[in-house]
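Q: Handing over start_14.txt, compact mmCIF, C-alpha atoms and all ligand atoms.
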# COMPACT_ATOMS: atom_id res chain seq x y z
CA MET A 1 81.73 60.99 231.87
CA THR A 2 85.35 61.13 230.67
CA ILE A 3 86.68 57.90 229.24
CA LEU A 4 90.11 57.18 230.72
CA LEU A 5 90.87 53.85 229.12
CA GLU A 6 89.53 52.55 225.87
CA ALA A 7 90.52 49.32 224.16
CA GLN A 8 89.00 48.20 220.91
CA ASN A 9 89.10 44.90 219.09
CA LEU A 10 91.85 43.44 221.24
CA SER A 11 92.98 39.97 220.23
CA ARG A 12 95.89 37.80 221.27
CA PHE A 13 96.78 34.35 219.99
CA PHE A 14 99.33 31.89 221.34
CA GLY A 15 100.19 29.76 218.33
CA PRO A 16 96.90 28.19 217.26
CA ASN A 17 95.23 29.00 220.60
CA ILE A 18 92.98 32.05 220.89
CA ALA A 19 93.53 33.60 224.35
CA VAL A 20 91.48 36.75 223.69
CA GLN A 21 89.43 37.71 220.65
CA ASN A 22 87.93 41.08 219.67
CA ILE A 23 87.52 42.45 223.17
CA ASP A 24 86.39 46.05 223.77
CA ILE A 25 86.91 47.70 227.17
CA THR A 26 85.98 51.16 228.36
CA VAL A 27 86.73 52.63 231.76
CA LYS A 28 85.33 55.99 232.80
CA ARG A 29 86.60 58.44 235.37
CA GLY A 30 85.77 57.44 238.93
CA GLU A 31 84.51 53.94 238.27
CA ILE A 32 85.59 50.44 239.25
CA LEU A 33 85.19 48.06 236.36
CA GLY A 34 85.05 44.38 237.26
CA PHE A 35 86.65 42.08 234.71
CA LEU A 36 85.19 38.75 235.67
CA GLY A 37 85.75 35.30 234.29
CA PRO A 38 86.67 31.74 235.21
CA ASN A 39 90.24 30.46 235.16
CA GLY A 40 91.72 30.48 231.68
CA ALA A 41 89.10 32.90 230.31
CA GLY A 42 91.74 35.39 229.17
CA LYS A 43 91.75 37.91 232.03
CA SER A 44 95.49 38.04 232.67
CA THR A 45 96.26 38.13 228.96
CA THR A 46 93.93 41.14 228.64
CA MET A 47 95.42 42.89 231.69
CA LYS A 48 98.94 42.34 230.34
CA MET A 49 97.91 43.92 227.03
CA LEU A 50 96.19 46.87 228.72
CA SER A 51 99.27 47.52 230.84
CA GLY A 52 101.66 47.39 227.89
CA ASN A 53 103.35 44.17 229.02
CA LEU A 54 102.11 42.04 226.13
CA ALA A 55 101.64 43.19 222.57
CA PRO A 56 98.19 42.52 221.14
CA ASP A 57 97.96 40.80 217.77
CA ASN A 58 95.11 43.17 216.88
CA GLY A 59 93.47 46.16 218.40
CA GLU A 60 94.05 49.59 219.88
CA ILE A 61 94.45 50.83 223.44
CA ARG A 62 94.20 54.47 224.52
CA ILE A 63 94.90 55.55 228.07
CA ASN A 64 93.82 59.05 229.04
CA GLY A 65 94.08 60.05 225.39
CA PHE A 66 97.49 58.43 224.66
CA ASP A 67 97.88 55.51 222.30
CA LEU A 68 99.66 52.70 224.17
CA LEU A 69 101.32 51.34 221.06
CA THR A 70 102.53 54.59 219.47
CA GLN A 71 102.93 56.76 222.61
CA PRO A 72 103.91 54.11 225.19
CA LYS A 73 105.77 56.44 227.62
CA GLN A 74 102.92 58.91 227.92
CA ALA A 75 100.28 56.19 228.05
CA LYS A 76 102.11 54.13 230.72
CA ALA A 77 102.57 57.24 232.89
CA GLN A 78 98.76 57.26 233.16
CA LEU A 79 98.61 53.69 234.32
CA GLY A 80 99.36 51.66 237.45
CA TYR A 81 99.49 47.86 237.30
CA LEU A 82 99.47 45.16 239.92
CA PRO A 83 100.09 41.86 238.12
CA GLU A 84 98.80 38.55 239.45
CA ASN A 85 102.27 37.95 240.91
CA PRO A 86 103.31 41.31 242.41
CA PRO A 87 106.74 42.48 241.22
CA LEU A 88 108.26 42.84 244.70
CA TYR A 89 111.96 42.90 245.66
CA ARG A 90 111.93 40.79 248.79
CA GLU A 91 115.39 41.95 249.89
CA LEU A 92 114.42 45.65 249.97
CA THR A 93 112.48 47.40 252.72
CA VAL A 94 109.00 48.69 251.84
CA GLY A 95 110.28 52.28 251.84
CA GLU A 96 113.30 51.48 249.65
CA TYR A 97 111.18 49.58 247.19
CA LEU A 98 108.56 52.30 246.86
CA LYS A 99 111.28 54.94 246.34
CA HIS A 100 112.70 52.74 243.61
CA CYS A 101 109.26 52.44 241.97
CA ALA A 102 108.71 56.20 242.24
CA ARG A 103 112.10 56.77 240.52
CA LEU A 104 111.12 54.37 237.73
CA ASN A 105 108.09 56.60 237.27
CA ARG A 106 110.40 59.61 236.90
CA LEU A 107 109.64 61.18 240.26
CA LYS A 108 112.51 63.06 241.92
CA GLY A 109 113.42 65.11 244.99
CA LYS A 110 110.56 66.50 247.04
CA ALA A 111 107.90 65.14 244.69
CA LEU A 112 109.34 61.64 245.14
CA LYS A 113 109.44 61.88 248.94
CA SER A 114 105.95 63.29 249.09
CA ALA A 115 104.57 60.59 246.73
CA VAL A 116 106.18 57.78 248.77
CA ASP A 117 105.01 59.21 252.11
CA THR A 118 101.48 59.63 250.76
CA VAL A 119 101.27 56.12 249.37
CA ILE A 120 102.68 54.58 252.56
CA ASP A 121 99.98 56.39 254.47
CA ARG A 122 97.14 55.53 252.05
CA CYS A 123 98.07 51.86 251.91
CA GLY A 124 98.49 51.49 255.68
CA LEU A 125 102.20 50.65 255.43
CA GLY A 126 103.50 53.09 258.07
CA GLU A 127 104.32 50.38 260.64
CA VAL A 128 106.23 48.19 258.21
CA GLN A 129 107.99 50.73 255.99
CA ARG A 130 111.43 49.82 257.42
CA ARG A 131 110.91 46.09 257.25
CA LEU A 132 112.17 43.79 254.52
CA ILE A 133 109.39 42.90 252.07
CA GLY A 134 110.37 39.22 252.19
CA GLN A 135 109.55 39.12 255.90
CA LEU A 136 106.08 40.63 255.62
CA SER A 137 102.75 38.81 255.66
CA LYS A 138 101.08 38.19 252.29
CA GLY A 139 98.56 40.93 253.14
CA TYR A 140 101.26 43.56 253.68
CA GLN A 141 103.10 42.37 250.57
CA GLN A 142 99.91 42.87 248.59
CA ARG A 143 99.47 46.36 250.06
CA THR A 144 103.03 47.10 248.96
CA GLY A 145 102.15 45.80 245.48
CA ILE A 146 99.15 48.11 245.35
CA ALA A 147 101.27 51.01 246.64
CA GLN A 148 103.74 50.62 243.76
CA ALA A 149 100.80 50.70 241.34
CA ILE A 150 99.56 54.07 242.58
CA VAL A 151 102.77 55.82 243.71
CA HIS A 152 102.83 58.02 240.57
CA SER A 153 99.10 58.92 240.85
CA PRO A 154 98.02 57.25 237.61
CA ALA A 155 94.59 57.90 236.10
CA VAL A 156 93.82 54.18 235.84
CA VAL A 157 94.92 51.32 238.09
CA ILE A 158 94.76 47.71 236.92
CA LEU A 159 94.59 45.09 239.67
CA ASP A 160 94.90 41.48 238.55
CA GLU A 161 93.42 39.06 241.14
CA PRO A 162 94.48 41.33 244.05
CA THR A 163 92.99 39.15 246.81
CA SER A 164 94.28 35.83 245.55
CA GLY A 165 96.06 33.78 248.22
CA LEU A 166 95.05 36.03 251.13
CA ASP A 167 93.25 34.98 254.31
CA PRO A 168 89.71 36.28 254.98
CA VAL A 169 90.87 39.18 257.18
CA GLN A 170 93.48 40.26 254.65
CA ILE A 171 90.92 39.95 251.83
CA ARG A 172 88.57 42.30 253.65
CA GLN A 173 91.38 44.80 254.26
CA ILE A 174 92.56 44.74 250.65
CA ARG A 175 88.97 45.28 249.45
CA GLU A 176 88.69 48.31 251.73
CA LEU A 177 91.94 49.60 250.28
CA ILE A 178 90.63 49.12 246.73
CA ARG A 179 87.53 51.14 247.64
CA GLU A 180 89.75 53.88 249.03
CA ILE A 181 91.93 53.90 245.92
CA ALA A 182 88.85 54.25 243.72
CA ASN A 183 88.19 57.66 245.28
CA GLU A 184 91.15 58.99 243.30
CA HIS A 185 91.76 56.55 240.46
CA SER A 186 89.65 54.56 238.02
CA VAL A 187 90.17 50.88 238.68
CA ILE A 188 90.01 47.74 236.56
CA LEU A 189 89.63 44.79 238.88
CA SER A 190 90.30 41.45 237.25
CA THR A 191 88.95 38.59 239.32
CA HIS A 192 87.23 35.22 239.24
CA ILE A 193 85.38 36.00 242.48
CA LEU A 194 81.80 37.07 241.80
CA PRO A 195 81.06 38.47 245.30
CA GLU A 196 84.16 40.65 244.97
CA VAL A 197 82.67 42.24 241.86
CA GLU A 198 79.33 42.66 243.62
CA MET A 199 80.99 44.34 246.60
CA LEU A 200 83.30 46.68 244.74
CA CYS A 201 82.35 47.35 241.14
CA ASP A 202 80.11 49.81 239.34
CA ARG A 203 80.20 47.93 236.06
CA VAL A 204 81.16 44.44 235.02
CA GLN A 205 82.50 42.78 231.91
CA ILE A 206 82.23 39.03 231.97
CA ILE A 207 84.73 37.17 229.83
CA SER A 208 84.55 33.54 228.84
CA LYS A 209 86.77 31.65 226.41
CA GLY A 210 88.46 34.87 225.32
CA GLN A 211 85.27 36.80 224.53
CA VAL A 212 83.16 39.34 226.39
CA ILE A 213 79.75 37.81 227.00
CA PHE A 214 78.27 40.50 229.26
CA ALA A 215 79.13 44.19 229.66
CA ASP A 216 76.86 46.41 231.69
CA SER A 217 76.22 47.86 235.13
CA LEU A 218 75.90 45.69 238.23
CA ALA A 219 72.29 46.86 238.35
CA ALA A 220 71.68 45.38 234.89
CA LEU A 221 73.21 42.08 236.01
CA HIS A 222 70.88 42.08 239.02
CA GLN A 223 67.98 42.84 236.66
CA GLN A 224 68.53 39.42 235.11
CA ARG A 225 67.42 37.95 238.42
CA LEU A 226 63.83 38.93 237.66
CA SER A 227 61.76 36.21 239.18
CA SER A 228 59.67 33.72 237.30
CA ARG A 229 59.02 31.32 240.19
CA LEU A 230 56.81 31.45 243.28
CA ARG A 231 56.84 29.03 246.19
CA ILE A 232 53.45 28.86 247.81
CA SER A 233 51.91 26.85 250.69
CA PHE A 234 48.29 26.41 251.79
CA ALA A 235 46.91 24.82 254.97
CA ASN A 236 43.88 23.76 252.91
CA PRO A 237 45.29 23.27 249.39
CA PRO A 238 43.08 22.89 246.31
CA PRO A 239 43.64 20.16 243.70
CA ILE A 240 46.71 20.98 241.58
CA ALA A 241 44.55 21.33 238.46
CA GLU A 242 42.77 24.26 240.05
CA ILE A 243 46.05 26.13 240.61
CA GLN A 244 47.19 25.17 237.14
CA SER A 245 44.10 26.75 235.60
CA LEU A 246 44.67 30.18 237.18
CA GLU A 247 45.49 33.15 234.98
CA HIS A 248 49.24 33.53 234.17
CA VAL A 249 50.26 30.23 235.77
CA ALA A 250 52.51 28.45 233.26
CA SER A 251 53.05 25.27 235.26
CA VAL A 252 52.95 23.92 238.82
CA GLU A 253 55.38 21.61 240.61
CA VAL A 254 54.22 19.78 243.72
CA LEU A 255 56.82 20.16 246.48
CA SER A 256 54.77 18.52 249.26
CA SER A 257 51.10 17.91 250.04
CA GLN A 258 50.72 21.59 250.94
CA GLN A 259 53.57 23.31 249.09
CA PHE A 260 53.84 24.11 245.37
CA ARG A 261 56.23 25.88 243.00
CA ILE A 262 54.50 27.99 240.38
CA LEU A 263 56.33 28.92 237.19
CA TYR A 264 55.29 31.92 235.12
CA HIS A 265 56.53 34.32 232.49
CA PRO A 266 58.29 37.30 234.19
CA GLU A 267 55.93 39.73 232.45
CA ASN A 268 52.78 37.90 233.61
CA ASP A 269 52.90 37.61 237.37
CA PRO A 270 50.05 35.45 238.74
CA THR A 271 50.44 36.61 242.39
CA GLU A 272 47.35 38.79 242.44
CA SER A 273 44.96 36.20 240.99
CA LEU A 274 46.45 33.57 243.31
CA LEU A 275 45.82 35.72 246.38
CA ILE A 276 42.26 36.54 245.33
CA GLN A 277 41.46 32.85 244.76
CA ALA A 278 43.17 31.77 247.98
CA VAL A 279 41.05 34.16 250.03
CA SER A 280 37.75 33.53 248.26
CA LYS A 281 38.15 29.73 248.27
CA GLN A 282 39.67 29.56 251.75
CA TRP A 283 42.85 27.75 250.77
CA GLN A 284 44.46 29.32 253.88
CA LEU A 285 47.66 30.79 252.50
CA GLN A 286 50.69 30.06 254.72
CA GLU A 287 53.65 31.09 252.59
CA LEU A 288 54.30 33.02 249.38
CA VAL A 289 57.95 33.41 248.39
CA ARG A 290 59.35 34.80 245.17
CA GLU A 291 62.27 32.56 244.20
CA GLN A 292 65.19 34.25 242.42
CA ASP A 293 68.26 33.05 240.62
CA SER A 294 71.36 34.00 242.53
CA LEU A 295 73.95 36.08 240.69
CA GLU A 296 76.07 32.98 240.74
CA ASP A 297 73.33 31.08 238.85
CA ILE A 298 73.23 33.85 236.24
CA PHE A 299 77.00 33.91 235.98
CA MET A 300 77.03 30.16 235.46
CA GLN A 301 74.35 30.41 232.78
CA LEU A 302 76.33 33.15 231.06
CA ILE A 303 79.62 31.29 230.98
CA ASN A 304 78.01 28.03 229.85
CA PHE A 305 78.30 26.21 233.09
CA ASP A 306 80.96 23.52 233.19
CA THR A 307 82.52 21.56 235.98
CA ALA A 308 85.92 23.20 235.72
CA ALA A 309 84.35 26.61 236.26
CA VAL A 310 82.55 25.54 239.44
CA GLU A 311 85.77 25.40 241.39
CA THR A 312 86.59 28.98 240.50
CA ILE A 313 83.46 30.59 241.92
CA ASN A 314 83.84 31.18 245.65
N1 LIG A 401 102.26 32.49 227.27
C1 LIG A 401 101.26 31.69 226.91
N2 LIG A 401 101.47 30.70 226.01
C2 LIG A 401 100.46 29.89 225.60
N3 LIG A 401 99.18 29.99 226.05
C3 LIG A 401 98.92 30.95 226.94
C4 LIG A 401 99.93 31.84 227.43
N4 LIG A 401 99.35 32.69 228.32
C5 LIG A 401 98.05 32.34 228.39
N5 LIG A 401 97.79 31.31 227.56
C6 LIG A 401 96.48 30.66 227.35
O1 LIG A 401 95.53 31.67 227.07
C7 LIG A 401 94.30 31.40 227.73
C8 LIG A 401 93.94 32.57 228.64
O2 LIG A 401 94.87 32.60 229.73
P1 LIG A 401 94.84 33.74 230.86
O3 LIG A 401 96.00 33.48 231.77
O4 LIG A 401 94.77 35.06 230.22
O5 LIG A 401 93.47 33.42 231.58
P2 LIG A 401 92.94 33.96 232.99
O6 LIG A 401 91.51 34.27 232.78
O7 LIG A 401 93.82 35.04 233.49
O8 LIG A 401 93.06 32.68 233.90
P3 LIG A 401 93.68 32.56 235.39
O9 LIG A 401 92.65 33.16 236.29
O10 LIG A 401 93.81 31.08 235.55
O11 LIG A 401 94.99 33.29 235.41
C9 LIG A 401 94.48 30.10 228.48
O12 LIG A 401 93.99 29.06 227.67
C10 LIG A 401 95.98 29.99 228.62
O13 LIG A 401 96.39 28.64 228.68
Would you mind giving the structure from this file in structure tokens?
Ligand SMILES: Nc1ncnc2c1ncn2[C@@H]1O[C@H](COP(=O)(O)OP(=O)(O)OP(=O)(O)O)[C@@H](O)[C@H]1O

A:
Amino acid sequence: MTILLEAQNLSRFFGPNIAVQNIDITVKRGEILGFLGPNGAGKSTTMKMLSGNLAPDNGEIRINGFDLLTQPKQAKAQLGYLPENPPLYRELTVGEYLKHCARLNRLKGKALKSAVDTVIDRCGLGEVQRRLIGQLSKGYQQRTGIAQAIVHSPAVVILDEPTSGLDPVQIRQIRELIREIANEHSVILSTHILPEVEMLCDRVQIISKGQVIFADSLAALHQQRLSSRLRISFANPPPIAEIQSLEHVASVEVLSSQQFRILYHPENDPTESLLIQAVSKQWQLQELVREQDSLEDIFMQLINFDTAAVETIN
């Protein structure tokens, strides 16, 4: 698949503080890449570097074949960017603002009109195009922010925390819009919201303390949920030592007089031997549940769980 954005070895320091260190990012045609991390992990710093708004201290960025540092005009023409705080002119109408953005992207005449009409339609802004941006709801303002990012049909769109500060209905609508946008553009979605990545992204890069600690498909992240725990109940339970002695059982926790948690190595599942014994010894099986880590548990393990991070996962 064609690589549309490639960043290698990106680093950025603020005085003695390392905001981002040796990050690699690749975005292919047609995919939504989730860039996930807790507050302060370095997401916005990375997005600013990728969009040409902050110079990296080290590293290279190529967008659709153009080097962002040596061919900035060509590279930026391939890119749309919605910063964390959308760059809106509150005193302009939606239509005026989008025309202005299209002009900044060197569109003129019929091409400009057609691009603005198309983006108003795609972003569901038809009803509010003559209204002042300052008077719109946060949801419509965010749609307008997304519209300015795609008005020039860039190859890659970078969205930094696009649902932040929105109510649940607006969040759902903006997520639908992101899905729609991904039909025509590759998207980098920077967010601290794990379910947002699960809902929208094909691949995920998890960043913590300025470094990438996981980079793979969503499926691979789910793979890490492989179970190693069973919850089991019997109406006529055996002594715990008898369960403990079964093949592949690593240890047993007693949850109640009839309920147990069995721990095992993921590659040695004891379910079959448990079922055979339960039937032959008439333990009267009532419940057998495979317990899994949630993605949130895995995320927390990956980012070295700390209290500050808890507040950011919602
Ligand atoms: N202009 C700056 N001057 C000094 N330090 C900065 C500056 N910008 C960011 N930092 C620091 O760099 C680190 C990464 O910040 P960044 O804003 O990129 O994180 P983030 O993952 O986007 O977090 P958030 O979700 O809170 O915006 C933080 O420790 C932050 O304090």

Q: May I ask for the distance between atom CA of A:Gln259 and atom CA of A:Ser228, given in Å to one decimal place?

A: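 Result for atom CA of A:Gln259 versus atom CA of A:Ser228: 16.9 Å, one decimal.
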
Q: So, with only C-alpha atoms as the atoms that count, which of A:Gln258, A:Lys138, A:Ile193, A:Leu159 lies closest to A:Gln173?

A: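 Of A:Gln258, A:Lys138, A:Ile193, A:Leu159, the one nearest A:Gln173 is A:Lys138, counting only C-alpha atoms.
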
Q: Could I get the residue neighbourhood of ligand LIG 401 (chain A) at 10 Å, counting all atoms listed in the file, as JSON, numbers by chain?

A: {"A": [12, 13, 14, 15, 16, 17, 18, 19, 20, 35, 36, 37, 38, 39, 40, 41, 42, 43, 44, 45, 46, 47, 48, 49, 54, 84, 160, 161, 164, 190, 191, 192, 193, 207, 208, 209, 210, 312]}

Q: So which residues are close to (103.4, 54.0, 225.2), meaning at most 12 Å away in the file's coordinates with all atoms listed in the file counted, and can you show them as an MDAnalysis selection string?

A: chainID A and resid 49:53 55 60:79

Q: Atom CA of A:Gln129 and atom CA of A:Pro154 are how many Å apart?

A: 21.9 Å

Q: Tell me which protein, DNA and RNA residues are within 10 Å of stretch 176-178 of chain A, counting only C-alpha atoms, leaving out same-chain ones fewer than 2 positions away, and put them as a PyMOL selection string.

A: chain A and resi 32+122-124+143+146+157+159+162+170-174+180-183+185+187+189+200

Q: Atom CA of A:Val204 and atom CA of A:Tyr140 are how many Å apart?

A: 27.4 Å

Q: Here is a test: counting all atoms listed in the file, which residue of A:Asn58, A:Ser153, A:Ser233, A:Thr144 is nearest to A:Val254?

A: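 Nearest to A:Val254: A:Ser233.
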
Q: Would you kindly return, as JSON, numbers by chain, each protein, DNA or RNA residue with an atom no farther than 12 Å from any atom of A:Glu242, considering only C-alpha atoms and excluding same-chain residues fewer than 4 positions away?

A: {"A": [237, 238, 246, 247, 249, 251, 252, 274, 277, 278, 281, 283]}

Q: With all atoms listed in the file as the counted atoms, please give the residues lying no more than 8 Å from A:Leu10, apart from itself and same-chain residues fewer than 3 positions off, as number ranges by chain.

A: A: 7, 20-24, 56-60

Q: Select, counting only C-alpha atoms, all protein, DNA and RNA residues no farther than 6 Å from (44.4, 27.9, 255.8) in file coordinates, and express the selection as a list in words.

A: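 Here the neighbourhood of the point contains Phe234, Ala235, Asn236, Trp283, Gln284 and Leu285 of chain A.
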
Q: Start from the incomplete input, build N, CA and C atoms for stretch 100-128 of chain A, and deliver everything as a PDB file, keeping the file's coordinate frame.

A:
ATOM      1  N   HIS A 100     112.210  53.261 244.888  1.00  0.00           N
ATOM      2  CA  HIS A 100     112.700  52.740 243.610  1.00  0.00           C
ATOM      3  C   HIS A 100     111.586  52.824 242.547  1.00  0.00           C
ATOM      4  N   CYS A 101     110.386  52.410 242.930  1.00  0.00           N
ATOM      5  CA  CYS A 101     109.260  52.440 241.970  1.00  0.00           C
ATOM      6  C   CYS A 101     108.937  53.880 241.567  1.00  0.00           C
ATOM      7  N   ALA A 102     109.003  54.790 242.548  1.00  0.00           N
ATOM      8  CA  ALA A 102     108.710  56.200 242.240  1.00  0.00           C
ATOM      9  C   ALA A 102     109.757  56.734 241.246  1.00  0.00           C
ATOM     10  N   ARG A 103     111.041  56.325 241.449  1.00  0.00           N
ATOM     11  CA  ARG A 103     112.100  56.770 240.520  1.00  0.00           C
ATOM     12  C   ARG A 103     111.836  56.226 239.116  1.00  0.00           C
ATOM     13  N   LEU A 104     111.416  54.951 239.048  1.00  0.00           N
ATOM     14  CA  LEU A 104     111.120  54.370 237.730  1.00  0.00           C
ATOM     15  C   LEU A 104     110.013  55.150 237.027  1.00  0.00           C
ATOM     16  N   ASN A 105     109.171  55.786 237.846  1.00  0.00           N
ATOM     17  CA  ASN A 105     108.090  56.600 237.270  1.00  0.00           C
ATOM     18  C   ASN A 105     108.497  58.064 237.151  1.00  0.00           C
ATOM     19  N   ARG A 106     109.816  58.294 237.147  1.00  0.00           N
ATOM     20  CA  ARG A 106     110.400  59.610 236.900  1.00  0.00           C
ATOM     21  C   ARG A 106     110.081  60.651 237.959  1.00  0.00           C
ATOM     22  N   LEU A 107     109.807  60.211 239.173  1.00  0.00           N
ATOM     23  CA  LEU A 107     109.640  61.180 240.260  1.00  0.00           C
ATOM     24  C   LEU A 107     111.006  61.446 240.878  1.00  0.00           C
ATOM     25  N   LYS A 108     111.214  62.690 241.333  1.00  0.00           N
ATOM     26  CA  LYS A 108     112.510  63.060 241.920  1.00  0.00           C
ATOM     27  C   LYS A 108     112.311  63.979 243.104  1.00  0.00           C
ATOM     28  N   GLY A 109     113.363  64.094 243.937  1.00  0.00           N
ATOM     29  CA  GLY A 109     113.420  65.110 244.990  1.00  0.00           C
ATOM     30  C   GLY A 109     112.215  65.120 245.904  1.00  0.00           C
ATOM     31  N   LYS A 110     111.686  66.324 246.110  1.00  0.00           N
ATOM     32  CA  LYS A 110     110.560  66.500 247.040  1.00  0.00           C
ATOM     33  C   LYS A 110     109.319  65.765 246.569  1.00  0.00           C
ATOM     34  N   ALA A 111     109.098  65.799 245.247  1.00  0.00           N
ATOM     35  CA  ALA A 111     107.900  65.140 244.690  1.00  0.00           C
ATOM     36  C   ALA A 111     107.956  63.641 244.981  1.00  0.00           C
ATOM     37  N   LEU A 112     109.182  63.076 244.877  1.00  0.00           N
ATOM     38  CA  LEU A 112     109.340  61.640 245.140  1.00  0.00           C
ATOM     39  C   LEU A 112     109.043  61.343 246.603  1.00  0.00           C
ATOM     40  N   LYS A 113     109.648  62.132 247.505  1.00  0.00           N
ATOM     41  CA  LYS A 113     109.440  61.880 248.940  1.00  0.00           C
ATOM     42  C   LYS A 113     107.955  62.020 249.296  1.00  0.00           C
ATOM     43  N   SER A 114     107.354  63.057 248.775  1.00  0.00           N
ATOM     44  CA  SER A 114     105.950  63.290 249.090  1.00  0.00           C
ATOM     45  C   SER A 114     105.074  62.155 248.552  1.00  0.00           C
ATOM     46  N   ALA A 115     105.377  61.676 247.321  1.00  0.00           N
ATOM     47  CA  ALA A 115     104.570  60.590 246.730  1.00  0.00           C
ATOM     48  C   ALA A 115     104.714  59.311 247.556  1.00  0.00           C
ATOM     49  N   VAL A 116     105.961  59.018 247.996  1.00  0.00           N
ATOM     50  CA  VAL A 116     106.180  57.780 248.770  1.00  0.00           C
ATOM     51  C   VAL A 116     105.506  57.894 250.138  1.00  0.00           C
ATOM     52  N   ASP A 117     105.659  59.032 250.794  1.00  0.00           N
ATOM     53  CA  ASP A 117     105.010  59.210 252.110  1.00  0.00           C
ATOM     54  C   ASP A 117     103.498  59.055 251.981  1.00  0.00           C
ATOM     55  N   THR A 118     102.938  59.675 250.946  1.00  0.00           N
ATOM     56  CA  THR A 118     101.480  59.630 250.760  1.00  0.00           C
ATOM     57  C   THR A 118     101.007  58.198 250.547  1.00  0.00           C
ATOM     58  N   VAL A 119     101.730  57.474 249.703  1.00  0.00           N
ATOM     59  CA  VAL A 119     101.270  56.120 249.370  1.00  0.00           C
ATOM     60  C   VAL A 119     101.461  55.173 250.566  1.00  0.00           C
ATOM     61  N   ILE A 120     102.481  55.395 251.347  1.00  0.00           N
ATOM     62  CA  ILE A 120     102.680  54.580 252.560  1.00  0.00           C
ATOM     63  C   ILE A 120     101.504  54.802 253.508  1.00  0.00           C
ATOM     64  N   ASP A 121     101.112  56.049 253.605  1.00  0.00           N
ATOM     65  CA  ASP A 121      99.980  56.390 254.470  1.00  0.00           C
ATOM     66  C   ASP A 121      98.679  55.792 253.922  1.00  0.00           C
ATOM     67  N   ARG A 122      98.413  56.013 252.647  1.00  0.00           N
ATOM     68  CA  ARG A 122      97.140  55.530 252.050  1.00  0.00           C
ATOM     69  C   ARG A 122      97.014  54.017 252.104  1.00  0.00           C
ATOM     70  N   CYS A 123      98.137  53.336 251.960  1.00  0.00           N
ATOM     71  CA  CYS A 123      98.070  51.860 251.910  1.00  0.00           C
ATOM     72  C   CYS A 123      98.303  51.227 253.281  1.00  0.00           C
ATOM     73  N   GLY A 124      98.354  52.033 254.326  1.00  0.00           N
ATOM     74  CA  GLY A 124      98.490  51.490 255.680  1.00  0.00           C
ATOM     75  C   GLY A 124      99.810  50.762 255.899  1.00  0.00           C
ATOM     76  N   LEU A 125     100.904  51.332 255.347  1.00  0.00           N
ATOM     77  CA  LEU A 125     102.200  50.650 255.430  1.00  0.00           C
ATOM     78  C   LEU A 125     103.155  51.316 256.427  1.00  0.00           C
ATOM     79  N   GLY A 126     102.632  52.316 257.162  1.00  0.00           N
ATOM     80  CA  GLY A 126     103.500  53.090 258.070  1.00  0.00           C
ATOM     81  C   GLY A 126     104.305  52.209 259.024  1.00  0.00           C
ATOM     82  N   GLU A 127     103.652  51.223 259.621  1.00  0.00           N
ATOM     83  CA  GLU A 127     104.320  50.380 260.640  1.00  0.00           C
ATOM     84  C   GLU A 127     105.410  49.495 260.055  1.00  0.00           C
ATOM     85  N   VAL A 128     105.289  49.183 258.770  1.00  0.00           N
ATOM     86  CA  VAL A 128     106.230  48.190 258.210  1.00  0.00           C
ATOM     87  C   VAL A 128     107.182  48.803 257.184  1.00  0.00           C
TER      88      VAL A 128
END
